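All remarks here apply to the structure that follows.
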Amino acid sequence: MIVITAPTGQIGARLLSILLDRAPDHGEELRVIVRDPARLPDDVRSRVDVVTGSHGDADVVDRAFSGAHAVFWLAPPNLRAASLDMVYLEFTRPAAKAFAAHGVGHVVGVSALGRGTPVADRAGQVTASLAMDDLIASTGVAYRALTNPTFMDNLLRQTAPIRDDGVFTGPLPADRKTPLAATRDIAEAAAGLLLDRSWTGKGEVPVLGPEDLSADDMARVMSEVLGRPIRYERQSLEEVRAGLIAHGAGPELAQAFADMVRAKDEGLDDGVPRTPANAGRTTFREWCEEVLKPAVQA
């Protein structure tokens with residue numbers, strides 16, 4: 001039995017699709033934790049065991065992890081949380097207790113790059129995510145943290161300005177190259193770990209994407225794929241903070257995001273060398289052709 005949290009999110013939905021295809025050949029049953037089962041397609045609901053509720057709730061994870069052998073764990077973003085600890089550590093504590101209580105053997109979690117870098121302890125959300133990894137590992141389960149850079153898919157939040165104005169924004173310098181990962185590659189890495197549970201202990205599995213890109217590089221690729229000029233406009237950290245607060249974030253979470261951005265500019269995502277094993281398969285050009293372009297044209 002594999003339990004999947006956040007099965008309607010960017011990573012979880014893709015992971016669920018992969019596992020629905022592959023799990024039967026491995027003799028695995030699937031269970032999902034979801035607040036609103038109606039968000040699952042009808043053909044999916046009929047093929048999985050559904051536990052309704054939040055996976056931050058002790059009663060929900062107690063029911064969901066009974067009989068579970070492996071869990072995919074993702075702490076969902078929550079701009080309106082009272083504190084950063086509430087998003088990661090406090091949200092995960094009930095699950096950590098349930099892992100131990102039910103003898104869950106393996107957990108695969110979504111986390112971030114940065115451990116071991118000089119800025120890891122002042123990187124906002126990433127610092128909290130690494131603390132969440134430590135909490136899960138302390139339960140004694142075999143744990144693998146999928147450590148990721150910025151997602152290519154985050155650009156989908158800017159579909160309208162890309163389409164209407166030919167512009168996308170971000171807080172990093174235009175020439176600052178960083179790794180980027182497609183969420184489908186993260187889901188693929190999670191599926192491999194969940195289906196082949198020969199691994200033990202705790203560790204990290206980076207998913208870097210095939211190449212480092214700057215915002216200027218991304219603008220060039222998007223321009224070529226979309227067939228029109230796309231330009232990048234840099235935001236200040238103060239503009240980022242103000243924008244998040246305008247969308248309902250509290251000052252602590254808005255500052256944490258700014259701290260993460262500053263840490264990325266100072267090398268947070270640069271600590272892991274790219275290898276064939278961690279490079280991921282989806283290039284930014286492929287992602288633009290297969291995901292961004294259809295979204296812009298919709």
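Chain labels follow the order of the structure tokens: the first chain is A, the next B, and so on; residue numbering restarts at 1 in every chain, and ligands are counted from 1 in their shown order.
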
Out of stretch 37-139 of chain A, which residues get alpha helix (DSSP H) from DSSP, as JSON, numbers by chain?
{"A": [42, 43, 44, 45, 58, 59, 60, 61, 62, 63, 64, 84, 85, 86, 87, 89, 90, 91, 92, 93, 94, 95, 96, 97, 98, 99, 100, 101, 125, 126, 127, 128, 129, 130, 131, 132, 133, 134, 135, 136, 137]}

Shell around A:Thr282 at 12 Å using only C-alpha atoms, local window under 6 positions removed, as a PyMOL selection string:
chain A and resi 151-153+180-186+188+207-211+288-291

Return the single residue from A:Ala190, A:Ile136, A:Ala160, A:Leu40 that is closest to A:Pro7, with distances computed using only C-alpha atoms.
A:Leu40

As a list in words, please: every residue in stretch 123-226 of chain A that a backbone DSSP assignment puts in strand (DSSP E or B).
Ala142, Tyr143, Arg144, Ala145, Leu146, Thr147, Asn148, Thr150, Phe151, Val167, Phe168, Thr169, Gly170, Thr178, Pro179, Leu180, Ala181, Lys202, Gly203, Glu204, Val205, Pro206, Asp212 and Leu213 of chain A

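Between atom CA of A:Glu29 and atom CA of A:His69 the interatomic distance comes to 10.0 Å.
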
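Within the 9 Å cut-off around stretch 97-101 of chain A, using only C-alpha atoms and omitting residues fewer than 3 positions from it on the same chain, the listed residues are Ala58, Val61, Asp62, Phe65, Ser66, Ala68, Val71, Thr92, Arg93, Pro94, Val104, Gly105, His106, Val107, Ile136, Thr139, Gly140 and Val141 of chain A.
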